[in-house]
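For reference, structure.cif (mmCIF, C-alpha atoms and all ligand atoms):
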data_upload
#
loop_
_atom_site.label_atom_id
_atom_site.label_comp_id
_atom_site.auth_asym_id
_atom_site.auth_seq_id
_atom_site.Cartn_x
_atom_site.Cartn_y
_atom_site.Cartn_z
CA MET J 583 96.32 110.29 107.68
CA GLU J 584 93.26 109.61 109.79
CA PRO J 585 90.02 111.16 108.53
CA VAL J 586 88.82 113.69 111.14
CA ARG J 587 85.25 112.32 111.10
CA GLN J 588 86.57 108.87 112.00
CA ILE J 589 88.25 110.28 115.13
CA LEU J 590 85.25 112.42 116.11
CA ARG J 591 82.92 109.41 115.90
CA HIS J 592 84.49 108.03 119.06
CA LYS J 593 84.24 111.27 121.08
CA ASN J 594 81.34 112.28 123.25
CA ALA J 595 82.06 116.01 122.97
CA ALA J 596 79.91 118.00 120.55
CA VAL J 597 82.29 118.76 117.66
CA LYS J 598 81.23 120.02 114.26
CA PHE J 599 83.64 119.44 111.39
CA TYR J 600 83.59 121.35 108.08
CA GLU J 601 86.03 120.47 105.30
CA ALA J 602 86.78 124.03 104.25
CA GLU J 603 89.47 126.66 103.95
CA ALA J 604 89.47 129.42 106.56
CA THR J 605 89.94 132.47 104.34
CA LYS J 606 89.47 135.36 106.77
CA ILE J 607 89.15 136.02 110.49
CA ASP J 608 87.10 138.93 111.79
CA TYR J 609 88.37 139.30 115.37
CA GLU J 610 85.91 142.08 116.25
CA LYS J 611 82.83 140.19 115.16
CA LYS J 612 84.43 136.89 116.26
CA ILE J 613 83.76 135.21 112.95
CA VAL J 614 85.82 132.93 110.71
CA LYS J 615 84.96 133.03 107.02
CA ILE J 616 85.17 129.62 105.39
CA SER J 617 85.07 128.51 101.80
CA ASP J 618 84.59 125.10 100.15
CA ASN J 619 87.68 124.73 97.97
CA SER J 620 87.07 121.08 97.05
CA ASP J 621 86.46 119.97 93.45
CA ILE J 622 82.77 119.25 93.97
CA LYS J 623 80.77 122.33 94.94
CA GLY J 624 77.21 122.90 96.10
CA THR J 625 75.25 126.12 95.67
CA ILE J 626 76.72 127.56 98.89
CA ASN J 627 80.53 127.72 98.74
CA GLU J 628 81.21 130.38 101.36
CA THR J 629 79.86 131.03 104.79
CA GLU J 630 80.82 132.15 108.33
CA VAL J 631 81.45 130.32 111.58
CA PRO J 632 81.02 132.33 114.79
CA TYR J 633 83.30 131.58 117.77
CA ASP J 634 83.83 132.45 121.43
CA MET J 635 87.41 131.25 121.51
CA LEU J 636 89.59 130.60 118.45
CA VAL J 637 92.37 128.00 118.16
CA ILE J 638 94.55 128.11 115.04
CA GLY J 639 96.48 124.95 114.11
CA VAL J 640 97.28 125.22 110.42
CA GLY J 641 100.54 123.24 110.48
CA ALA J 642 103.84 123.99 108.76
CA GLU J 643 104.75 124.58 105.13
CA ASN J 644 107.57 123.10 103.08
CA ALA J 645 110.46 125.55 103.28
CA THR J 646 112.45 126.18 100.11
CA PHE J 647 114.38 129.18 101.56
CA GLY J 648 113.97 130.81 98.14
CA ILE J 649 116.65 128.49 96.70
CA PRO J 650 116.29 128.68 92.90
CA GLY J 651 114.72 125.65 91.25
CA VAL J 652 113.61 123.83 94.41
CA ARG J 653 109.88 124.44 94.05
CA GLU J 654 109.84 123.59 90.34
CA ASN J 655 111.98 120.44 90.46
CA SER J 656 111.58 118.78 93.88
CA CYS J 657 109.01 116.41 95.26
CA PHE J 658 107.63 117.32 98.68
CA LEU J 659 106.18 114.90 101.21
CA LYS J 660 103.30 116.19 103.27
CA GLU J 661 100.18 114.45 102.03
CA ILE J 662 99.15 111.10 100.61
CA ARG J 663 99.02 112.49 97.07
CA ASP J 664 102.67 113.63 97.47
CA ALA J 665 103.65 110.06 98.36
CA GLN J 666 101.76 108.75 95.32
CA ALA J 667 103.53 111.28 93.07
CA ILE J 668 106.92 110.20 94.47
CA ARG J 669 106.14 106.53 93.84
CA THR J 670 105.08 107.28 90.26
CA LYS J 671 108.27 109.25 89.66
CA ILE J 672 110.48 106.47 91.09
CA MET J 673 108.87 103.96 88.72
CA ASP J 674 109.27 106.39 85.81
CA CYS J 675 112.98 106.81 86.62
CA VAL J 676 113.40 103.02 86.81
CA GLU J 677 111.64 102.40 83.49
CA THR J 678 113.56 105.19 81.73
CA ALA J 679 116.83 103.81 83.13
CA ALA J 680 115.86 100.36 81.79
CA PHE J 681 114.97 101.80 78.33
CA LYS J 682 116.71 99.96 75.50
CA ASP J 683 120.21 101.35 74.75
CA GLN J 684 119.95 103.92 77.52
CA ASP J 685 123.11 105.99 77.97
CA SER J 686 125.28 104.66 80.83
CA SER J 687 125.73 107.96 82.68
CA GLU J 688 122.00 108.61 82.28
CA ILE J 689 121.22 105.27 83.99
CA ASP J 690 123.32 106.39 86.97
CA ARG J 691 121.54 109.74 87.10
CA LEU J 692 118.05 108.27 86.82
CA LEU J 693 118.71 105.70 89.56
CA HIS J 694 120.15 108.31 91.91
CA MET J 695 117.56 109.27 94.53
CA VAL J 696 118.52 112.40 96.47
CA VAL J 697 116.85 113.35 99.76
CA VAL J 698 117.51 116.85 101.15
CA GLY J 699 117.05 117.32 104.89
CA GLY J 700 118.60 115.07 107.54
CA GLY J 701 115.82 115.46 110.10
CA PRO J 702 113.64 112.55 111.28
CA THR J 703 111.46 112.52 108.14
CA GLY J 704 114.46 112.72 105.76
CA VAL J 705 116.28 109.91 107.56
CA GLU J 706 113.16 107.74 107.69
CA PHE J 707 112.36 108.41 104.03
CA ALA J 708 115.91 107.64 102.82
CA GLY J 709 115.78 104.29 104.68
CA GLU J 710 112.31 103.46 103.32
CA LEU J 711 113.44 104.33 99.79
CA ARG J 712 116.35 101.87 100.04
CA ASP J 713 114.02 99.16 101.44
CA PHE J 714 111.43 99.79 98.72
CA PHE J 715 114.10 99.30 96.10
CA ASP J 716 115.75 96.26 97.72
CA GLU J 717 112.49 94.48 98.53
CA ASP J 718 110.25 95.41 95.60
CA ILE J 719 112.01 96.85 92.58
CA LYS J 720 115.37 95.07 92.53
CA LYS J 721 113.94 91.77 91.35
CA LEU J 722 112.15 93.48 88.44
CA ILE J 723 115.32 95.07 86.98
CA PRO J 724 118.21 92.85 88.16
CA GLU J 725 120.46 93.99 85.28
CA ILE J 726 120.71 97.62 86.43
CA SER J 727 119.81 97.27 90.13
CA PRO J 728 123.42 97.62 91.46
CA ARG J 729 123.40 101.20 90.15
CA PHE J 730 120.49 102.33 92.35
CA LYS J 731 121.78 104.86 94.87
CA VAL J 732 120.32 106.94 97.71
CA THR J 733 122.04 110.11 98.98
CA LEU J 734 120.93 112.15 101.98
CA ILE J 735 122.07 115.80 102.03
CA GLU J 736 122.23 117.84 105.26
CA ALA J 737 123.60 121.37 105.77
CA LEU J 738 124.55 120.84 109.43
CA PRO J 739 127.52 118.71 110.61
CA THR J 740 125.31 115.70 111.48
CA VAL J 741 121.97 114.20 110.58
CA LEU J 742 119.31 114.20 113.34
CA PRO J 743 120.97 117.13 115.14
CA MET J 744 118.16 117.26 117.71
CA PHE J 745 118.83 113.70 118.92
CA SER J 746 121.49 111.99 121.07
CA LYS J 747 124.97 111.17 119.74
CA GLN J 748 124.17 107.48 120.23
CA LEU J 749 121.21 107.70 117.84
CA ILE J 750 123.21 109.74 115.33
CA ASP J 751 126.04 107.15 115.37
CA TYR J 752 123.52 104.33 114.99
CA THR J 753 121.90 106.04 112.00
CA GLU J 754 125.26 106.72 110.34
CA SER J 755 126.48 103.13 110.75
CA THR J 756 123.16 101.63 109.59
CA PHE J 757 123.13 103.86 106.51
CA LYS J 758 126.70 102.81 105.73
CA GLU J 759 125.66 99.15 105.82
CA GLU J 760 122.66 99.89 103.61
CA HIS J 761 124.78 101.90 101.12
CA ILE J 762 122.95 105.16 101.74
CA GLU J 763 125.43 107.99 101.37
CA ILE J 764 125.18 110.85 103.88
CA LYS J 765 126.56 114.21 102.78
CA THR J 766 126.68 116.52 105.80
CA LYS J 767 127.93 120.15 105.82
CA THR J 768 126.47 120.37 102.34
CA MET J 769 124.23 123.35 101.60
CA VAL J 770 122.04 123.20 98.50
CA LYS J 771 122.35 126.45 96.51
CA ARG J 772 120.51 125.71 93.27
CA VAL J 773 118.47 122.94 91.71
CA THR J 774 117.93 122.23 88.01
CA ASP J 775 115.71 119.55 86.48
CA LYS J 776 118.60 117.07 86.54
CA THR J 777 121.17 118.32 89.07
CA VAL J 778 121.59 119.63 92.60
CA GLU J 779 124.31 122.27 93.02
CA ALA J 780 125.58 122.48 96.56
CA GLU J 781 128.34 124.10 98.62
CA ALA J 782 130.26 121.42 100.52
CA THR J 783 132.55 122.17 103.46
CA ASN J 784 135.73 120.10 103.13
CA PRO J 785 137.50 118.49 106.14
CA ASP J 786 140.08 121.38 106.12
CA GLY J 787 137.28 123.96 106.36
CA THR J 788 137.52 125.15 102.76
CA LYS J 789 134.36 125.21 100.68
CA SER J 790 133.78 123.88 97.19
CA MET J 791 130.81 123.68 94.84
CA ILE J 792 129.63 120.21 93.85
CA THR J 793 127.11 119.13 91.23
CA ILE J 794 125.02 116.04 91.95
CA PRO J 795 122.98 114.52 89.09
CA TYR J 796 119.67 113.01 90.25
CA GLY J 797 116.60 111.19 88.95
CA LEU J 798 114.37 111.92 91.94
CA LEU J 799 114.81 114.78 94.41
CA VAL J 800 112.76 114.81 97.61
CA TRP J 801 112.86 118.02 99.64
CA LEU J 802 112.16 117.41 103.32
CA LEU J 803 112.70 120.71 105.06
CA ALA J 804 109.70 122.05 106.97
CA MET J 805 109.18 125.64 108.02
CA HIS J 806 110.45 125.10 111.58
CA SER J 807 113.89 124.24 110.17
CA VAL J 808 114.29 127.91 109.23
CA HIS J 809 115.40 128.71 112.76
CA TRP J 810 117.84 125.82 112.84
CA LEU J 811 119.59 126.97 109.70
CA ARG J 812 119.68 130.63 110.66
CA ILE J 813 121.18 129.82 114.08
C1 LIG Q 1 106.18 112.43 105.97
C2 LIG Q 1 105.99 112.83 107.39
C3 LIG Q 1 106.15 111.86 108.37
C4 LIG Q 1 105.97 112.19 109.72
N1 LIG Q 1 106.12 111.21 110.66
C5 LIG Q 1 105.90 111.50 111.95
C6 LIG Q 1 106.01 110.49 112.96
O1 LIG Q 1 106.28 109.33 112.65
N2 LIG Q 1 105.77 110.83 114.24
C7 LIG Q 1 105.45 112.12 114.59
O2 LIG Q 1 105.24 112.39 115.78
N3 LIG Q 1 105.36 113.10 113.68
C8 LIG Q 1 105.57 112.82 112.38
N4 LIG Q 1 105.48 113.81 111.44
C9 LIG Q 1 105.20 115.18 111.88
C10 LIG Q 1 103.71 115.36 112.12
O3 LIG Q 1 102.98 114.96 110.98
C11 LIG Q 1 103.47 116.84 112.38
O4 LIG Q 1 104.31 117.26 113.44
C12 LIG Q 1 102.04 117.06 112.77
O5 LIG Q 1 101.17 116.63 111.74
C13 LIG Q 1 101.79 118.55 113.05
O6 LIG Q 1 100.44 118.69 113.39
P1 LIG Q 1 99.65 120.01 113.18
O7 LIG Q 1 98.25 119.78 113.61
O8 LIG Q 1 100.40 121.13 113.82
O9 LIG Q 1 99.70 120.32 111.60
P2 LIG Q 1 99.13 119.44 110.39
O10 LIG Q 1 99.07 118.00 110.68
O11 LIG Q 1 99.92 119.92 109.20
O12 LIG Q 1 97.64 119.96 110.28
C14 LIG Q 1 97.32 121.26 109.88
C15 LIG Q 1 96.02 121.19 109.06
O13 LIG Q 1 95.57 122.52 108.84
C16 LIG Q 1 95.00 122.59 107.54
N5 LIG Q 1 95.00 123.99 107.11
C17 LIG Q 1 96.04 124.80 106.76
N6 LIG Q 1 95.62 126.04 106.43
C18 LIG Q 1 94.28 126.03 106.57
C19 LIG Q 1 93.24 127.00 106.38
N7 LIG Q 1 93.51 128.24 105.97
N8 LIG Q 1 91.96 126.63 106.59
C20 LIG Q 1 91.66 125.37 107.02
N9 LIG Q 1 92.58 124.42 107.24
C21 LIG Q 1 93.87 124.74 107.01
C22 LIG Q 1 95.95 121.71 106.71
O14 LIG Q 1 95.29 121.30 105.53
C23 LIG Q 1 96.19 120.55 107.68
O15 LIG Q 1 95.24 119.51 107.52
C24 LIG Q 1 105.63 113.52 110.09
C25 LIG Q 1 105.47 114.49 109.09
C26 LIG Q 1 105.64 114.16 107.76
C27 LIG Q 1 105.45 115.23 106.71
#
Let's see the structure in the file written out as structure tokens.
Amino acid sequence: MEPVRQILRHKNAAVKFYEAEATKIDYEKKIVKISDNSDIKGTINETEVPYDMLVIGVGAENATFGIPGVRENSCFLKEIRDAQAIRTKIMDCVETAAFKDQDSSEIDRLLHMVVVGGGPTGVEFAGELRDFFDEDIKKLIPEISPRFKVTLIEALPTVLPMFSKQLIDYTESTFKEEHIEIKTKTMVKRVTDKTVEAEATNPDGTKSMITIPYGLLVWLLAMHSVHWLRI
């Protein structure tokens, strides 16, 4: 993430930047109400910014589609603090898996990293997760490292559905080599603190419910995916 002031420093145009939340727009008076929602506050926390022309670019939200348990149990990945929280959770899973006399099935659960969403960010993140483990963590816990597993879940028939078949094939074969399991045609229905419950479409077209135990669950569906899934 590039700080906005850093970018503006190199521009000649007159741009004023306020770190604030736009809370209300008055279209008649052509005013945006802004509020300082940061931790440190001055005496003035709310004010107005007049405009001639208004551009709104507030980005997308993580989409949970109202699936029970997703918001409470998943990690999201939008901001730097999300990435830090994910890293902390990975290390916590690793240390708990390495705890003296840890139950064998619990080790497998804790070292199972599940990524939901086979779009570009999900694919990139699953690959990075495997690399992070292989390059950094493996040497710290050699005794349990073979049990570390990454699974990528996607509801559609392929990952990266917006890209060419060549790129999809390349991703699938690379993930196979790197032991990242791809579960396509798998629609998450419910999430608990330790499991993902999903409806999988079998090769013969029948559907069955599967339960996937996890240590870390990263949810990588953004709002724009809504249309994809509904179509
Ligand atoms: C993990 C990750 C990796 C990605 N990697 C790539 C990549 O490699 N290449 C690529 O092209 N794209 C990548 N993307 C996608 C890219 O980040 C987005 O497409 C892009 O940031 C969208 O820009 P935006 O300006 O529309 O929204 P955003 O970047 O989300 O910006 C919107 C801003 O509006 C602010 N905001 C929201 N509501 C208010 C309000 N009420 N008042 C004031 N401010 C508000 C938000 O805080 C935010 O800073 C990635 C995304 C993620 C999450």
(request) Using only C-alpha atoms and all ligand atoms, find the one residue out of J:Asn619, J:Thr605, J:Asn784, J:Gln684 that sits nearest to ligand LIG 1 (chain Q). (result) J:Thr605
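The two atoms in question, atom C3 of ligand LIG 1 (chain Q) and atom CA of Met583 of chain J, are spaced 10.0 Å apart.
Going from atom CA of Ala667 of chain J over to atom C20 of ligand LIG 1 (chain Q), you cover 23.1 Å.
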Compute the set of protein, DNA and RNA residues whose minimum atom distance to ligand LIG 1 (chain Q) is at most 8 Å, using only C-alpha atoms and all ligand atoms, and state it as a short mmCIF file (atom, residue, chain, number, x, y, z; two decimals) with C-alpha atoms, in the coordinates of the input.
data_model
loop_
_atom_site.label_atom_id
_atom_site.label_comp_id
_atom_site.auth_asym_id
_atom_site.auth_seq_id
_atom_site.Cartn_x
_atom_site.Cartn_y
_atom_site.Cartn_z
CA GLU J 601 86.03 120.47 105.30
CA ALA J 602 86.78 124.03 104.25
CA GLU J 603 89.47 126.66 103.95
CA ALA J 604 89.47 129.42 106.56
CA THR J 605 89.94 132.47 104.34
CA ILE J 616 85.17 129.62 105.39
CA GLY J 639 96.48 124.95 114.11
CA VAL J 640 97.28 125.22 110.42
CA GLY J 641 100.54 123.24 110.48
CA ALA J 642 103.84 123.99 108.76
CA GLU J 643 104.75 124.58 105.13
CA LEU J 659 106.18 114.90 101.21
CA LYS J 660 103.30 116.19 103.27
CA GLU J 661 100.18 114.45 102.03
CA PRO J 702 113.64 112.55 111.28
CA THR J 703 111.46 112.52 108.14
CA PHE J 707 112.36 108.41 104.03
CA LEU J 802 112.16 117.41 103.32
#
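Comparing the minimum interatomic distances between Thr756 of chain J and each of J:Val705, J:Ala596, J:Ala782, J:Glu717, counting all atoms listed in the file, we find that J:Val705 sits nearest.
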Got a sec: who's within 6 Å of Ile613 of chain J, counting all atoms listed in the file, leaving out chain neighbours fewer than 4 positions off, as a tab-separated table (two decimals) with C-alpha atoms, keeping the file's coordinate frame?
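Result file follows (result-v2.tsv):
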chain	number	residue	atom	x	y	z
J	607	ILE	CA	89.15	136.02	110.49
J	608	ASP	CA	87.10	138.93	111.79
J	631	VAL	CA	81.45	130.32	111.58
J	632	PRO	CA	81.02	132.33	114.79
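Between atom CA of Gly704 of chain J and atom CA of Leu742 of chain J there is a distance of 9.1 Å.
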Which residues, written as a tab-separated table (two decimals) with C-alpha atoms, in the coordinates of the input, have at least one atom at most 12 Å from Glu677 of chain J, with all atoms listed in the file counted and residues fewer than 4 positions away on the same chain left out?
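Saved to selection-v3.tsv:
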chain	number	residue	atom	x	y	z
J	670	THR	CA	105.08	107.28	90.26
J	671	LYS	CA	108.27	109.25	89.66
J	672	ILE	CA	110.48	106.47	91.09
J	673	MET	CA	108.87	103.96	88.72
J	681	PHE	CA	114.97	101.80	78.33
J	682	LYS	CA	116.71	99.96	75.50
J	684	GLN	CA	119.95	103.92	77.52
J	689	ILE	CA	121.22	105.27	83.99
J	692	LEU	CA	118.05	108.27	86.82
J	693	LEU	CA	118.71	105.70	89.56
J	719	ILE	CA	112.01	96.85	92.58
J	722	LEU	CA	112.15	93.48	88.44
J	723	ILE	CA	115.32	95.07	86.98
J	726	ILE	CA	120.71	97.62	86.43
J	727	SER	CA	119.81	97.27	90.13
J	797	GLY	CA	116.60	111.19	88.95
(request) Return the single residue from J:Ser746, J:Thr777, J:Ser656, J:Thr788 that is closest to Asn644 of chain J, with distances computed using all atoms listed in the file. (result) J:Ser656
(request) Name the closest residue to Val773 of chain J among the candidates J:Pro795, J:Pro728, J:Gly709, J:Pro739; distances are taken between atoms, counting only C-alpha atoms. (result) J:Pro795
The centre and edge lengths of an axis-aligned box containing all atoms of segment 666-677 of chain J present in the file, extended by 5 Å on each side, are to be given in Å to one decimal, as lines of an AutoDock Vina configuration file.
center_x = 107.6
center_y = 106.8
center_z = 89.4
size_x = 21.6
size_y = 18.9
size_z = 21.8
Mind completing segment 627-638 of chain J with all heavy atoms? Output as a compact mmCIF listing (two decimals), in the frame of the given file, please?
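Done, and the output landed in selection.txt:
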# COMPACT_ATOMS: atom_id res chain seq x y z
N ASN J 627 79.09 128.05 98.67
CA ASN J 627 80.53 127.72 98.74
C ASN J 627 81.25 128.51 99.81
O ASN J 627 82.39 128.22 100.12
CB ASN J 627 81.20 128.02 97.40
CG ASN J 627 80.62 127.21 96.28
OD1 ASN J 627 80.28 126.05 96.50
ND2 ASN J 627 80.48 127.80 95.13
N GLU J 628 80.58 129.53 100.33
CA GLU J 628 81.21 130.38 101.36
C GLU J 628 80.22 130.67 102.47
O GLU J 628 79.05 130.91 102.19
CB GLU J 628 81.68 131.70 100.73
CG GLU J 628 82.89 131.52 99.87
CD GLU J 628 83.37 132.83 99.25
OE1 GLU J 628 82.60 133.80 99.25
OE2 GLU J 628 84.50 132.84 98.78
N THR J 629 80.74 130.66 103.69
CA THR J 629 79.86 131.03 104.79
C THR J 629 80.72 131.47 105.99
O THR J 629 81.93 131.64 105.84
CB THR J 629 78.89 129.87 105.16
OG1 THR J 629 77.96 130.33 106.13
CG2 THR J 629 79.63 128.66 105.71
N GLU J 630 80.09 131.67 107.15
CA GLU J 630 80.82 132.15 108.33
C GLU J 630 80.57 131.22 109.50
O GLU J 630 79.50 130.64 109.63
CB GLU J 630 80.31 133.55 108.71
CG GLU J 630 80.55 134.58 107.63
CD GLU J 630 79.88 135.92 107.96
OE1 GLU J 630 79.05 135.97 108.90
OE2 GLU J 630 80.20 136.90 107.29
N VAL J 631 81.60 131.11 110.35
CA VAL J 631 81.45 130.32 111.58
C VAL J 631 81.75 131.25 112.76
O VAL J 631 82.86 131.78 112.86
CB VAL J 631 82.44 129.12 111.60
CG1 VAL J 631 82.25 128.31 112.87
CG2 VAL J 631 82.28 128.25 110.37
N PRO J 632 80.76 131.49 113.63
CA PRO J 632 81.02 132.33 114.79
C PRO J 632 81.79 131.55 115.88
O PRO J 632 81.69 130.33 115.93
CB PRO J 632 79.61 132.68 115.30
CG PRO J 632 78.73 131.64 114.75
CD PRO J 632 79.38 131.00 113.58
N TYR J 633 82.56 132.26 116.69
CA TYR J 633 83.30 131.58 117.77
C TYR J 633 83.32 132.43 119.04
O TYR J 633 83.15 133.65 118.99
CB TYR J 633 84.72 131.27 117.33
CG TYR J 633 85.60 132.49 117.11
CD1 TYR J 633 86.31 133.07 118.17
CD2 TYR J 633 85.74 133.06 115.85
CE1 TYR J 633 87.12 134.19 117.97
CE2 TYR J 633 86.55 134.17 115.65
CZ TYR J 633 87.24 134.74 116.71
OH TYR J 633 88.02 135.83 116.53
N ASP J 634 83.53 131.75 120.18
CA ASP J 634 83.83 132.45 121.43
C ASP J 634 85.34 132.49 121.63
O ASP J 634 85.92 133.48 122.03
CB ASP J 634 83.19 131.71 122.61
CG ASP J 634 81.67 131.73 122.51
OD1 ASP J 634 81.13 132.79 122.15
OD2 ASP J 634 81.04 130.68 122.73
N MET J 635 85.95 131.36 121.37
CA MET J 635 87.41 131.25 121.51
C MET J 635 87.94 130.60 120.23
O MET J 635 87.32 129.67 119.71
CB MET J 635 87.73 130.37 122.71
CG MET J 635 89.10 130.57 123.25
SD MET J 635 89.38 129.43 124.58
CE MET J 635 88.86 130.41 125.96
N LEU J 636 89.08 131.09 119.73
CA LEU J 636 89.59 130.60 118.45
C LEU J 636 90.95 129.92 118.64
O LEU J 636 91.84 130.50 119.25
CB LEU J 636 89.74 131.77 117.47
CG LEU J 636 90.24 131.45 116.07
CD1 LEU J 636 89.26 130.57 115.31
CD2 LEU J 636 90.50 132.73 115.30
N VAL J 637 91.07 128.70 118.14
CA VAL J 637 92.37 128.00 118.16
C VAL J 637 92.81 127.83 116.71
O VAL J 637 92.04 127.36 115.88
CB VAL J 637 92.23 126.61 118.84
CG1 VAL J 637 93.56 125.87 118.79
CG2 VAL J 637 91.74 126.76 120.26
N ILE J 638 94.04 128.25 116.40
CA ILE J 638 94.55 128.11 115.04
C ILE J 638 95.64 127.04 115.03
O ILE J 638 96.60 127.13 115.79
CB ILE J 638 95.13 129.46 114.53
CG1 ILE J 638 94.02 130.52 114.54
CG2 ILE J 638 95.72 129.31 113.14
CD1 ILE J 638 94.49 131.91 114.16
